[in-house]
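See structure below.
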There are 4 protein chains.
Amino acid sequence: MNCDLGESYGAFKVGNDERIMPHITSANVACGLHGGDPGVMAKTVSLAERHKVAVGAHPGFPDLMGFGRREMRLALDEVRNCVIYQVGALQGFAKAMDTSVQHVKLHGALYNMAARDETLSKAVTDAVKAIDKSLIVFALPHSALAKVADKVGLRVAFEFFADRAYNQDGSLVSRAHPKSIFQDPRKVVERAIKVVKEQEVSAVNGEAIRVSPVHTICVHGDTPAAVKLAEALQKGLTKAGVKLESVGSFL
Amino acid sequence: MNCDLGESYGAFKVGNDERIMPHITSANVACGLHGGDPGVMAKTVSLAERHKVAVGAHPGFPDLMGFGRREMRLALDEVRNCVIYQVGALQGFAKAMDTSVQHVKLHGALYNMAARDETLSKAVTDAVKAIDKSLIVFALPHSALAKVADKVGLRVAFEFFADRAYNQDGSLVSRAHPKSIFQDPRKVVERAIKVVKEQEVSAVNGEAIRVSPVHTICVHGDTPAAVKLAEALQKGLTKAGVKLESVGSFL
Amino acid sequence: MNCDLGESYGAFKVGNDERIMPHITSANVACGLHGGDPGVMAKTVSLAERHKVAVGAHPGFPDLMGFGRREMRLALDEVRNCVIYQVGALQGFAKAMDTSVQHVKLHGALYNMAARDETLSKAVTDAVKAIDKSLIVFALPHSALAKVADKVGLRVAFEFFADRAYNQDGSLVSRAHPKSIFQDPRKVVERAIKVVKEQEVSAVNGEAIRVSPVHTICVHGDTPAAVKLAEALQKGLTKAGVKLESVGSFL
Amino acid sequence: MNCDLGESYGAFKVGNDERIMPHITSANVACGLHGGDPGVMAKTVSLAERHKVAVGAHPGFPDLMGFGRREMRLALDEVRNCVIYQVGALQGFAKAMDTSVQHVKLHGALYNMAARDETLSKAVTDAVKAIDKSLIVFALPHSALAKVADKVGLRVAFEFFADRAYNQDGSLVSRAHPKSIFQDPRKVVERAIKVVKEQEVSAVNGEAIRVSPVHTICVHGDTPAAVKLAEALQKGLTKAGVKLESVGSFL
């Protein structure tokens with residue numbers, strides 16, 4: 001289970017990091033360009049350490065005002081260097097606390113654009129590989145990023161969004177769609193268990209779709225219901241016999 | 001010989017990095033908070049590599065508009081985390097190019113404030129030590145930073161500003177003073193040789209002052225005369241029998 | 001009654017603007033440098049309009065990461081221009097909604113520094129006067145800013161912090177002090193009424209101190225209790241026969 | 001004749017404002033989001049005043065690192081509010097110096113995107129109209145922005161790029177094309193005169209294309225040859241009997 005954390009910035013608070021951290025295994029830590037600042041990064045890495053949660057970099061576009069959610073047309077070397085910058089900065093905090101960065105998960109618009117664009121994904125994975133080839137890349141199964149990361153020899157963790165509806169082609173239903181988000185914890189847990197045990201999920205049109213073996217389940221941290229959902233998933237999956245570990249320990 | 005480089009930001013160009021780099025042994029690379037952006041950092045580390053110049057981090061206050069030259073009252077842990085962030089980001093680029101960061105030199109107002117404030121210096125050196133205890137700290141001889149860095153067990157390179165006038169107490173004459181800057185290359189080279197060979201420099205009032213053995217000479221990169229000065233120093237010192245090497249090789 | 005509002009930034013939410021606005025008469029709107037972004041400013045001015053609340057500019061230091069709360073050593077013309085920039089930007093939104101900016105209240109460290117520094121206050125009031133000499137300046141009674149604003153011919157509204165403890169000299173007790181904040185609405189209302197009716201307030205040491213006639217009472221918007229406090233003050237003062245109007249209508 | 005000026009930011013210098021200003025009639029002043037800072041804006045408006053040059057706002061995307069040249073997918077109200085913010089801020093400086101803002105010219109990627117997108121153009125022109133309906137909009141003839149600005153009742157100044165090659169459809173040849181830029185001042189002046197006198201320009205393929213009556217000629221300020229070009233255009237056009245005035249005086 002992974003969650004985007006450390007996205008506060010200075011006096012601007014986002015999320016419930018302290019209450020989510022106990023229920024997850026991997027924390028995706030914002031690195032200062034879309035959210036997160038040096039102080040928040042230090043605090044988040046330290047909090048993850050305390051809860052034995054693996055730390056990952058969560059690089060986004062350099063767009064604090066848009067929280068990295070607005071598409072930006074960057075040159076490929078700009079993307080590459082923005083990823084190196086952010087992963088490097090987080091590695092600094094990891095080293096300062098005698099731990100290390102386990103994975104990289106892209107944020108917001110960069111995540112979405114890389115999922116469908118192999119050239120962009122190549123810029124990202126080149127950056128990741130150059131800085132540390134043992135880093136694991138989190139990606140949507142079947143996405144361009146997943147393909148490219150695998151091709152360049154990086155380990156890939158397939159990610160499932162337990163609270164998001166899926167289209168038949170395995171992509172996420174847009175947040176603009178009224179049925180894009182599941183809020184009932186029971187439903188979300190049920191979907192998560194089905195995906196893990198049977199590699200199957202119901203698409204928004206009701207049909208079952210097959211997905212690749214899923215390695216990590218994403219919980220959103222910035223909604224009011226997030227803590228309950230994280231807790232429910234942790235309990236529900238454990239009860240269903242799923243052992244929750246950080247991806248670095250089994251990939 | 002060291003020089004502050006990589007201080008451009010996006011389309012905003014500062015300095016003459018390409019022309020200065022051939023004449024120095026250590027480059028202090030801006031890390032994004034007062035100047036420098038991910039693309040500029042990548043280019044500067046790559047340029048340093050090509051010229052066998054050692055790479056150092058040049059962290060400053062988070063004040064792009066003020067180029068890190070305005071004093072800011074940060075909490076000690078804010079200083080600490082800003083230093084970790086910037087050094088870590090540069091280490092990312094160093095790793096991506098199979099090299100490493102040799103030293104840390106503070107920038108602008110942070111440099112000046114740490115020179116006279118031991119508590120602030122402690123926040124800085126704690127950050128440096130936590131991230132990599134083999135990093136060398138550049139400091140003004142007799143400064144608070146030099147003392148504290150030495151006390152916590154970090155290597156310190158004493159720095160001499162060849163083109164700046166000195167007060168009798170070894171501090172720099174303020175830039176506001178009309179005689180604060182030497183522009184004649186011959187004069188600058190002469191001062192540099194005297195400091196290296198005799199550990200002595202003439203203060204602004206004419207009296208000779210003793211300085212500690214100097215390990216590195218700072219050349220400013222952002223003035224029109226900078227390239228000529230760097231070249232003159234390189235030639236003059238070499239001719240005077242001074243072997244120029246990056247500080248990491250002899251400290 | 002005034003309150004600092006519109007301090008959110010992009011996805012980063014601060015305060016309870018919608019719930020505070022109905023209870024106040026003047027809104028101090030952040031202008032983008034310490035908080036607030038163009039979208040937030042538009043929304044806040046529009047919200048103020050809907051509730052017939054007078055709009056004021058709330059300029060701060062250019063330090064988003066520090067929320068304008070960290071002291072910065074700016075040159076006087078930098079301060080002047082930062083104030084013009086922020087007031088001008090807010091006037092843009094005011095004009096676009098057929099309203100106007102009534103007052104200027106400094107934010108955070110800039111407020112505190114101007115309160116004790118006449119030179120800095122002069123830079124601020126010169127900026128305000130140049131842009132629109134009918135603007136009212138909010139200031140602590142007896143502060144440097146109050147004096148200077150009065151001297152240059154600007155109208156000044158004396159401000160009382162109903163939930164903050166005062167020192168005997170009329171300055172605010174530092175937030176670091178355990179008794180610096182009053183949280184009990186009854187106590188806060190009582191203090192406000194006493195100040196308005198009798199120009200008197202109990203200092204932290206128990207002695208009564210005389211204050212100038214108070215024109216506006218500041219309510220903090222970013223605490224959980226803020227809405228209740230604002231509501232209690234509005235009711236309490238009205239019940240005590242105090243007519244609440246925006247300062248522009250009586251100063 | 002118009003030129004983009006005031007694009008420096010803090011210590012980062014761009015362009016030759018002092019040397020270009022004497023040769024133009026309209027200055028497009030950057031407003032802080034892609035370049036320009038409060039101090040630079042103050043200085044540029046003051047410089048324009050001294051040379052009797054009309055002042056215009058030059059709003060761009062909030063992307064300092066990319067100098068507003070990278071396409072960003074902003075929501076329409078985000079665009080609208082970014083324009084109000086920037087025009088308002090510049091009006092602040094104009095008012096502080098007893099002058100006013102004459103026109104609005106979009107910058108970089110925002111200029112290019114608005115030229116081809118009517119919905120985006122509508123967001124921009126709504127902002128301009130709301131803030132001051134007497135503002136003149138600078139636009140490429142036949143562009144979406146020109147059409148929309150005209151439709152909402154704003155005055156439009158058609159702009160000709162004297163040093164840029166044109167495609168047959170009246171759009172600019174991309175900067176990536178080897179023949180996109182004219183550098184020979186004689187050639188540039190000749191093209192400008194032909195456009196003004198005959199409403200005709202040679203496209204990159206050699207064919208003559210008709211253009212609308214041109215009201216303003218853009219000179220780029222950030223190239224080394226810019227000053228010479230501006231001077232040559234000023235002299236050449238004057239000699240050819242063209243009277244150079246700011247657009248506000250005849251549109």
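In the structure tokens, chains take the letters A, B, ... in the order shown, each chain's residues start at 1, and ligands count up from 1 in the order shown.
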Inset, instruction - Could the residues of chain B within 6 Å of chain C, counting only C-alpha atoms, be given as a PyMOL selection string, please? - result: chain B and resi 70-73
Inset, instruction - Mind listing the helix (DSSP H, G or I) residues of segment 102-226 of chain D, per DSSP on the backbone, as a VMD selection string? - result: chain D and resid 108 to 116 118 to 131 144 to 151 185 to 198 226
Selection above as a file: C-alpha atoms, as a PDB file, in the first residue's frame:
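Written output follows (selection_3.pdb):
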ATOM      1  CA  GLY D 108       5.449  33.637 -25.082  1.00  0.00           C
ATOM      2  CA  ALA D 109       3.410  30.449 -25.015  1.00  0.00           C
ATOM      3  CA  LEU D 110       0.307  32.334 -23.909  1.00  0.00           C
ATOM      4  CA  TYR D 111       0.621  34.631 -26.962  1.00  0.00           C
ATOM      5  CA  ASN D 112       1.005  31.665 -29.280  1.00  0.00           C
ATOM      6  CA  MET D 113      -1.795  29.619 -27.745  1.00  0.00           C
ATOM      7  CA  ALA D 114      -4.239  32.542 -27.738  1.00  0.00           C
ATOM      8  CA  ALA D 115      -3.411  33.268 -31.384  1.00  0.00           C
ATOM      9  CA  ARG D 116      -4.964  29.956 -32.362  1.00  0.00           C
ATOM     10  CA  GLU D 118     -10.736  31.445 -29.412  1.00  0.00           C
ATOM     11  CA  THR D 119     -11.846  30.046 -26.067  1.00  0.00           C
ATOM     12  CA  LEU D 120      -8.541  30.913 -24.489  1.00  0.00           C
ATOM     13  CA  SER D 121      -8.643  34.313 -26.191  1.00  0.00           C
ATOM     14  CA  LYS D 122     -12.080  34.906 -24.709  1.00  0.00           C
ATOM     15  CA  ALA D 123     -10.730  34.283 -21.193  1.00  0.00           C
ATOM     16  CA  VAL D 124      -7.967  36.804 -21.873  1.00  0.00           C
ATOM     17  CA  THR D 125     -10.182  39.490 -23.384  1.00  0.00           C
ATOM     18  CA  ASP D 126     -12.803  39.091 -20.652  1.00  0.00           C
ATOM     19  CA  ALA D 127     -10.059  39.787 -18.137  1.00  0.00           C
ATOM     20  CA  VAL D 128      -8.784  42.813 -20.043  1.00  0.00           C
ATOM     21  CA  LYS D 129     -12.265  44.208 -20.546  1.00  0.00           C
ATOM     22  CA  ALA D 130     -13.212  43.725 -16.907  1.00  0.00           C
ATOM     23  CA  ILE D 131     -10.178  45.549 -15.658  1.00  0.00           C
ATOM     24  CA  ALA D 144      -8.101  34.093 -32.872  1.00  0.00           C
ATOM     25  CA  LEU D 145      -7.148  36.727 -30.300  1.00  0.00           C
ATOM     26  CA  ALA D 146      -7.604  39.555 -32.808  1.00  0.00           C
ATOM     27  CA  LYS D 147     -11.043  38.254 -33.744  1.00  0.00           C
ATOM     28  CA  VAL D 148     -12.248  37.750 -30.193  1.00  0.00           C
ATOM     29  CA  ALA D 149     -10.884  41.054 -28.888  1.00  0.00           C
ATOM     30  CA  ASP D 150     -12.665  42.843 -31.693  1.00  0.00           C
ATOM     31  CA  LYS D 151     -15.880  40.950 -31.030  1.00  0.00           C
ATOM     32  CA  PRO D 185      18.925  45.539 -40.529  1.00  0.00           C
ATOM     33  CA  ARG D 186      18.484  46.755 -44.111  1.00  0.00           C
ATOM     34  CA  LYS D 187      16.344  43.765 -44.996  1.00  0.00           C
ATOM     35  CA  VAL D 188      14.273  44.170 -41.824  1.00  0.00           C
ATOM     36  CA  VAL D 189      13.682  47.872 -42.448  1.00  0.00           C
ATOM     37  CA  GLU D 190      12.730  47.185 -46.054  1.00  0.00           C
ATOM     38  CA  ARG D 191      10.150  44.606 -44.944  1.00  0.00           C
ATOM     39  CA  ALA D 192       8.728  46.961 -42.350  1.00  0.00           C
ATOM     40  CA  ILE D 193       8.320  49.792 -44.836  1.00  0.00           C
ATOM     41  CA  LYS D 194       6.652  47.498 -47.359  1.00  0.00           C
ATOM     42  CA  VAL D 195       4.191  46.227 -44.765  1.00  0.00           C
ATOM     43  CA  VAL D 196       3.284  49.697 -43.576  1.00  0.00           C
ATOM     44  CA  LYS D 197       3.006  51.276 -47.008  1.00  0.00           C
ATOM     45  CA  GLU D 198       1.657  48.407 -49.106  1.00  0.00           C
ATOM     46  CA  ALA D 226      18.307  44.256 -31.025  1.00  0.00           C
TER      47      ALA D 226
END
Inset, instruction - List every residue of segment 18-107 of chain D that DSSP, applied to the backbone of this structure, assigns to strand (DSSP E or B), and report them as a list in words. - result: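 Strand (DSSP E or B) assignments inside segment 18-107 of chain D correspond to Ser26, Ala27, Asn28, Val29, Ala30, Ala54, Val55, Gly56, Ala57, His58, Met72, Val101, Gln102, His103 and Val104 of chain D.
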Inset, instruction - Work out how far atom CA of Leu154 of chain C is from atom CA of Glu49 of chain D, in Å to one decimal. - result: 26.3 Å
If we count only C-alpha atoms and set the cut-off at 7 Å, which residues sit around Lys179 of chain B, ignoring sequence neighbours fewer than 2 positions away in its own chain? Please answer as an mmCIF file with N, CA and C atoms, in the first residue's frame.
data_model
loop_
_atom_site.group_PDB
_atom_site.id
_atom_site.type_symbol
_atom_site.label_atom_id
_atom_site.label_comp_id
_atom_site.auth_asym_id
_atom_site.auth_seq_id
_atom_site.Cartn_x
_atom_site.Cartn_y
_atom_site.Cartn_z
ATOM 1 N N ALA B 165 39.185 43.524 -0.814
ATOM 2 C CA ALA B 165 39.999 44.117 0.245
ATOM 3 C C ALA B 165 39.595 43.532 1.599
ATOM 4 N N HIS B 177 32.005 49.894 0.215
ATOM 5 C CA HIS B 177 33.222 50.701 0.352
ATOM 6 C C HIS B 177 33.882 50.860 -1.027
ATOM 7 N N ILE B 181 37.012 46.372 -3.890
ATOM 8 C CA ILE B 181 37.315 45.426 -4.977
ATOM 9 C C ILE B 181 38.612 45.809 -5.714
#
Legend entry - Who sits within 7 Å of Ile217 of chain B, only C-alpha atoms, same chain under 5 positions skipped, as JSON, numbers by chain: {"B": [1, 2, 159, 160, 161, 162]}
Inset, instruction - Select, from C:His215, C:Lys235, C:Arg164, C:Lys52, the residue with the minimum atom-to-atom distance to Ser202 of chain C, counting only C-alpha atoms. - result: C:Arg164
